file protein26.csv (CSV, N, CA and C atoms)
chain,number,residue,atom,x,y,z
A,1,MET,N,5.1,-5.0,12.6
A,1,MET,CA,4.2,-5.5,11.6
A,1,MET,C,5.0,-5.7,10.3
A,2,SER,N,4.8,-6.9,9.8
A,2,SER,CA,5.5,-7.2,8.5
A,2,SER,C,5.0,-6.3,7.4
A,3,GLY,N,6.0,-5.8,6.6
A,3,GLY,CA,5.7,-4.9,5.5
A,3,GLY,C,5.6,-3.5,5.8
A,4,TRP,N,5.7,-3.1,7.1
A,4,TRP,CA,5.6,-1.7,7.5
A,4,TRP,C,6.8,-1.3,8.2
A,5,HIS,N,7.2,0.0,8.0
A,5,HIS,CA,8.3,0.6,8.8
A,5,HIS,C,7.8,0.8,10.3
A,6,ASN,N,8.8,1.0,11.2
A,6,ASN,CA,8.4,1.3,12.6
A,6,ASN,C,7.6,2.6,12.6
A,7,TYR,N,6.7,2.7,13.5
A,7,TYR,CA,5.9,3.9,13.7
A,7,TYR,C,6.8,5.0,14.2
A,8,ALA,N,6.7,6.2,13.6
A,8,ALA,CA,7.6,7.3,13.9
A,8,ALA,C,6.8,8.5,14.5
A,9,GLY,N,5.5,8.3,14.8
A,9,GLY,CA,4.7,9.4,15.3
A,9,GLY,C,3.9,10.0,14.2
A,10,GLY,N,3.0,10.9,14.6
A,10,GLY,CA,2.1,11.5,13.6
A,10,GLY,C,1.0,10.7,13.2
A,11,ALA,N,0.3,11.0,12.1
A,11,ALA,CA,-0.9,10.3,11.6
A,11,ALA,C,-0.6,9.4,10.4
A,12,SER,N,0.7,9.2,10.1
A,12,SER,CA,1.0,8.3,9.0
A,12,SER,C,2.0,7.2,9.3
A,13,ARG,N,2.1,6.3,8.4
A,13,ARG,CA,3.1,5.2,8.6
A,13,ARG,C,3.5,4.7,7.2
A,14,TRP,N,4.7,4.5,7.0
A,14,TRP,CA,5.3,4.1,5.7
A,14,TRP,C,5.4,2.6,5.6
A,15,THR,N,5.1,2.1,4.3
A,15,THR,CA,5.3,0.7,4.1
A,15,THR,C,6.7,0.5,3.6
A,16,SER,N,7.1,-0.8,3.6
A,16,SER,CA,8.4,-1.2,3.1
A,16,SER,C,8.2,-1.7,1.7
A,17,GLY,N,7.1,-1.5,1.1
A,17,GLY,CA,6.8,-1.9,-0.2
A,17,GLY,C,5.7,-3.0,-0.3
A,18,ASP,N,5.4,-3.7,0.8
A,18,ASP,CA,4.4,-4.7,0.8
A,18,ASP,C,3.6,-4.7,2.1
A,19,GLY,N,3.2,-3.5,2.5
A,19,GLY,CA,2.4,-3.4,3.7
A,19,GLY,C,1.0,-4.1,3.5
A,20,PHE,N,0.6,-4.8,4.5
A,20,PHE,CA,-0.7,-5.5,4.4
A,20,PHE,C,-1.6,-4.9,5.4
A,21,LEU,N,-2.8,-4.6,5.0
A,21,LEU,CA,-3.8,-4.0,5.9
A,21,LEU,C,-5.0,-5.0,6.1
A,22,PHE,N,-5.1,-5.5,7.3
A,22,PHE,CA,-6.1,-6.5,7.6
A,22,PHE,C,-7.5,-5.8,7.9
A,23,VAL,N,-8.5,-6.3,7.2
A,23,VAL,CA,-9.9,-5.8,7.5
A,23,VAL,C,-10.7,-7.0,7.8
A,24,ALA,N,-11.2,-7.1,9.0
A,24,ALA,CA,-12.0,-8.3,9.4
A,24,ALA,C,-13.2,-8.6,8.5
A,25,ASP,N,-13.5,-9.8,8.4
A,25,ASP,CA,-14.7,-10.3,7.7
A,25,ASP,C,-15.9,-9.7,8.4
A,26,THR,N,-16.9,-9.5,7.5
A,26,THR,CA,-18.2,-9.0,8.1
A,26,THR,C,-19.1,-10.2,8.4
A,27,LEU,N,-19.9,-10.1,9.4
A,27,LEU,CA,-20.9,-11.1,9.7
A,27,LEU,C,-22.3,-10.5,9.3
A,28,GLY,N,-22.9,-11.0,8.3
A,28,GLY,CA,-24.2,-10.5,7.9
A,28,GLY,C,-24.1,-9.3,6.9
A,29,GLU,N,-24.8,-8.2,7.2
A,29,GLU,CA,-24.9,-7.1,6.3
A,29,GLU,C,-24.1,-5.9,6.7
A,30,GLU,N,-23.1,-6.1,7.6
A,30,GLU,CA,-22.2,-5.0,8.0
A,30,GLU,C,-21.3,-4.6,6.8
A,31,HIS,N,-21.0,-3.3,6.8
A,31,HIS,CA,-20.1,-2.8,5.7
A,31,HIS,C,-18.8,-2.3,6.4
A,32,ARG,N,-17.8,-2.2,5.6
A,32,ARG,CA,-16.5,-1.7,6.0
A,32,ARG,C,-16.1,-0.6,5.0
A,33,LEU,N,-15.5,0.5,5.5
A,33,LEU,CA,-15.0,1.5,4.7
A,33,LEU,C,-13.5,1.7,5.1
A,34,VAL,N,-12.6,1.6,4.1
A,34,VAL,CA,-11.2,1.8,4.3
A,34,VAL,C,-10.8,3.0,3.4
A,35,SER,N,-10.2,4.0,4.1
A,35,SER,CA,-9.7,5.2,3.4
A,35,SER,C,-8.2,5.3,3.5
A,36,LEU,N,-7.6,5.5,2.4
A,36,LEU,CA,-6.1,5.7,2.4
A,36,LEU,C,-5.8,7.0,1.7
A,37,GLU,N,-4.8,7.7,2.3
A,37,GLU,CA,-4.2,8.9,1.6
A,37,GLU,C,-2.8,8.6,1.3
A,38,ILE,N,-2.5,8.7,0.0
A,38,ILE,CA,-1.1,8.5,-0.5
A,38,ILE,C,-0.4,9.8,-0.4
A,39,LEU,N,0.6,9.8,0.5
A,39,LEU,CA,1.3,11.0,0.8
A,39,LEU,C,2.5,11.2,-0.1
A,40,ALA,N,3.1,10.2,-0.7
A,40,ALA,CA,4.2,10.3,-1.6
A,40,ALA,C,4.3,9.0,-2.4
A,41,GLY,N,4.9,9.1,-3.5
A,41,GLY,CA,5.2,7.9,-4.3
A,41,GLY,C,6.0,8.2,-5.5
A,42,GLY,N,6.8,7.2,-5.9
A,42,GLY,CA,7.6,7.2,-7.1
A,42,GLY,C,8.4,8.5,-7.3
A,43,PRO,N,9.1,8.6,-8.4
A,43,PRO,CA,9.3,7.5,-9.4
A,43,PRO,C,10.2,6.3,-8.7
A,44,TYR,N,10.0,5.2,-9.2
A,44,TYR,CA,10.7,4.0,-8.7
A,44,TYR,C,11.6,3.5,-9.8
A,45,LEU,N,12.8,3.1,-9.4
A,45,LEU,CA,13.8,2.6,-10.4
A,45,LEU,C,13.5,1.1,-10.6
A,46,CYS,N,13.7,0.7,-11.9
A,46,CYS,CA,13.5,-0.7,-12.3
A,46,CYS,C,14.9,-1.2,-12.8
A,47,ALA,N,15.4,-2.2,-12.3
A,47,ALA,CA,16.7,-2.7,-12.7
A,47,ALA,C,16.6,-3.4,-14.1
A,48,ASP,N,15.5,-3.9,-14.4
A,48,ASP,CA,15.3,-4.6,-15.7
A,48,ASP,C,14.7,-3.7,-16.7
A,49,GLU,N,15.5,-3.3,-17.7
A,49,GLU,CA,15.0,-2.3,-18.7
A,49,GLU,C,13.8,-2.8,-19.5
A,50,ASP,N,13.7,-4.1,-19.8
A,50,ASP,CA,12.6,-4.6,-20.5
A,50,ASP,C,11.3,-4.5,-19.7
A,51,ALA,N,11.4,-4.8,-18.4
A,51,ALA,CA,10.2,-4.7,-17.5
A,51,ALA,C,9.9,-3.2,-17.4
A,52,ALA,N,10.9,-2.3,-17.3
A,52,ALA,CA,10.6,-0.9,-17.2
A,52,ALA,C,9.8,-0.4,-18.5
A,53,GLY,N,10.2,-0.9,-19.6
A,53,GLY,CA,9.5,-0.5,-20.9
A,53,GLY,C,8.1,-1.0,-20.9
A,54,ASP,N,7.8,-2.2,-20.4
A,54,ASP,CA,6.5,-2.8,-20.3
A,54,ASP,C,5.6,-1.9,-19.3
A,55,LEU,N,6.2,-1.5,-18.2
A,55,LEU,CA,5.5,-0.7,-17.3
A,55,LEU,C,5.1,0.7,-17.9
A,56,ARG,N,6.0,1.3,-18.6
A,56,ARG,CA,5.7,2.6,-19.3
A,56,ARG,C,4.6,2.4,-20.3
A,57,ALA,N,4.7,1.3,-21.1
A,57,ALA,CA,3.7,1.1,-22.1
A,57,ALA,C,2.3,0.9,-21.5
A,58,SER,N,2.2,0.2,-20.4
A,58,SER,CA,0.9,-0.1,-19.8
A,58,SER,C,0.3,1.1,-19.1
A,59,ALA,N,1.2,2.1,-18.7
A,59,ALA,CA,0.7,3.3,-18.0
A,59,ALA,C,0.2,4.4,-19.0
A,60,GLY,N,0.5,4.3,-20.2
A,60,GLY,CA,0.1,5.4,-21.0
A,60,GLY,C,-0.4,5.3,-22.3
call {"tool": "encode", "arguments": {"input": "protein26.csv", "output": "structure tokens"}}
result
Amino acid sequence: MSGWHNYAGGASRWTSGDGFLFVADTLGEEHRLVSLEILAGGPYLCADEDAAGDLRASAG
């Protein structure tokens, strides 16, 4: 699957940074519930110091 690392077993799967999760369109009044658990994240390195400063400013 594009954007996802190979399945390694267990109940989780890692993205390669741009994992896409397809949720089918509903027909009528059906609802969909998607639940995600973030197991780990960041900090992420940014090669562009100006962009890194912009990200820090917008986060806090």
call {"tool": "atom_distance", "arguments": {"input": "protein26.csv", "atom1": "atom CA of A:Trp14", "atom2": "atom CA of A:Leu36"}}
result
12.0 Å
call {"tool": "atom_distance", "arguments": {"input": "protein26.csv", "atom1": "atom N of A:Phe20", "atom2": "atom CA of A:Asn6"}}
result
12.8 Å
call {"tool": "residues_around", "arguments": {"input": "protein26.csv", "residues": "A:Asp18", "least_positions_apart": "2", "cutoff": "8 Å", "atoms": "only N, CA and C atoms", "output": "PyMOL selection string"}}
result
chain A and resi 2-4+14-16+20-21
call {"tool": "atom_distance", "arguments": {"input": "protein26.csv", "atom1": "atom N of A:Gly42", "atom2": "atom C of A:Gly10"}}
result
20.3 Å
call {"tool": "build_atoms", "arguments": {"input": "protein26.csv", "residues": "stretch 6-27 of chain A", "atoms": "N, CA, C and O atoms", "output": "short mmCIF file (atom, residue, chain, number, x, y, z; two decimals), in the coordinates of the input"}}
result
data_model
loop_
_atom_site.label_atom_id
_atom_site.label_comp_id
_atom_site.auth_asym_id
_atom_site.auth_seq_id
_atom_site.Cartn_x
_atom_site.Cartn_y
_atom_site.Cartn_z
N ASN A 6 8.80 1.00 11.20
CA ASN A 6 8.40 1.30 12.60
C ASN A 6 7.60 2.60 12.60
O ASN A 6 7.91 3.56 11.83
N TYR A 7 6.70 2.70 13.50
CA TYR A 7 5.90 3.90 13.70
C TYR A 7 6.80 5.00 14.20
O TYR A 7 7.56 4.87 15.14
N ALA A 8 6.70 6.20 13.60
CA ALA A 8 7.60 7.30 13.90
C ALA A 8 6.80 8.50 14.50
O ALA A 8 7.28 9.62 14.56
N GLY A 9 5.50 8.30 14.80
CA GLY A 9 4.70 9.40 15.30
C GLY A 9 3.90 10.00 14.20
O GLY A 9 4.02 9.71 13.04
N GLY A 10 3.00 10.90 14.60
CA GLY A 10 2.10 11.50 13.60
C GLY A 10 1.00 10.70 13.20
O GLY A 10 0.65 9.63 13.80
N ALA A 11 0.30 11.00 12.10
CA ALA A 11 -0.90 10.30 11.60
C ALA A 11 -0.60 9.40 10.40
O ALA A 11 -1.48 8.96 9.77
N SER A 12 0.70 9.20 10.10
CA SER A 12 1.00 8.30 9.00
C SER A 12 2.00 7.20 9.30
O SER A 12 2.67 7.30 10.35
N ARG A 13 2.10 6.30 8.40
CA ARG A 13 3.10 5.20 8.60
C ARG A 13 3.50 4.70 7.20
O ARG A 13 2.63 4.61 6.31
N TRP A 14 4.70 4.50 7.00
CA TRP A 14 5.30 4.10 5.70
C TRP A 14 5.40 2.60 5.60
O TRP A 14 5.66 1.88 6.51
N THR A 15 5.10 2.10 4.30
CA THR A 15 5.30 0.70 4.10
C THR A 15 6.70 0.50 3.60
O THR A 15 7.38 1.38 3.14
N SER A 16 7.10 -0.80 3.60
CA SER A 16 8.40 -1.20 3.10
C SER A 16 8.20 -1.70 1.70
O SER A 16 9.10 -2.42 1.16
N GLY A 17 7.10 -1.50 1.10
CA GLY A 17 6.80 -1.90 -0.20
C GLY A 17 5.70 -3.00 -0.30
O GLY A 17 5.21 -3.28 -1.38
N ASP A 18 5.40 -3.70 0.80
CA ASP A 18 4.40 -4.70 0.80
C ASP A 18 3.60 -4.70 2.10
O ASP A 18 3.34 -5.76 2.64
N GLY A 19 3.20 -3.50 2.50
CA GLY A 19 2.40 -3.40 3.70
C GLY A 19 1.00 -4.10 3.50
O GLY A 19 0.37 -3.86 2.48
N PHE A 20 0.60 -4.80 4.50
CA PHE A 20 -0.70 -5.50 4.40
C PHE A 20 -1.60 -4.90 5.40
O PHE A 20 -1.25 -4.63 6.57
N LEU A 21 -2.80 -4.60 5.00
CA LEU A 21 -3.80 -4.00 5.90
C LEU A 21 -5.00 -5.00 6.10
O LEU A 21 -5.70 -5.30 5.16
N PHE A 22 -5.10 -5.50 7.30
CA PHE A 22 -6.10 -6.50 7.60
C PHE A 22 -7.50 -5.80 7.90
O PHE A 22 -7.52 -4.91 8.67
N VAL A 23 -8.50 -6.30 7.20
CA VAL A 23 -9.90 -5.80 7.50
C VAL A 23 -10.70 -7.00 7.80
O VAL A 23 -10.79 -7.95 6.97
N ALA A 24 -11.20 -7.10 9.00
CA ALA A 24 -12.00 -8.30 9.40
C ALA A 24 -13.20 -8.60 8.50
O ALA A 24 -13.79 -7.66 7.97
N ASP A 25 -13.50 -9.80 8.40
CA ASP A 25 -14.70 -10.30 7.70
C ASP A 25 -15.90 -9.70 8.40
O ASP A 25 -15.94 -9.55 9.56
N THR A 26 -16.90 -9.50 7.50
CA THR A 26 -18.20 -9.00 8.10
C THR A 26 -19.10 -10.20 8.40
O THR A 26 -18.99 -11.26 7.75
N LEU A 27 -19.90 -10.10 9.40
CA LEU A 27 -20.90 -11.10 9.70
C LEU A 27 -22.30 -10.50 9.30
O LEU A 27 -22.80 -9.64 9.99
#
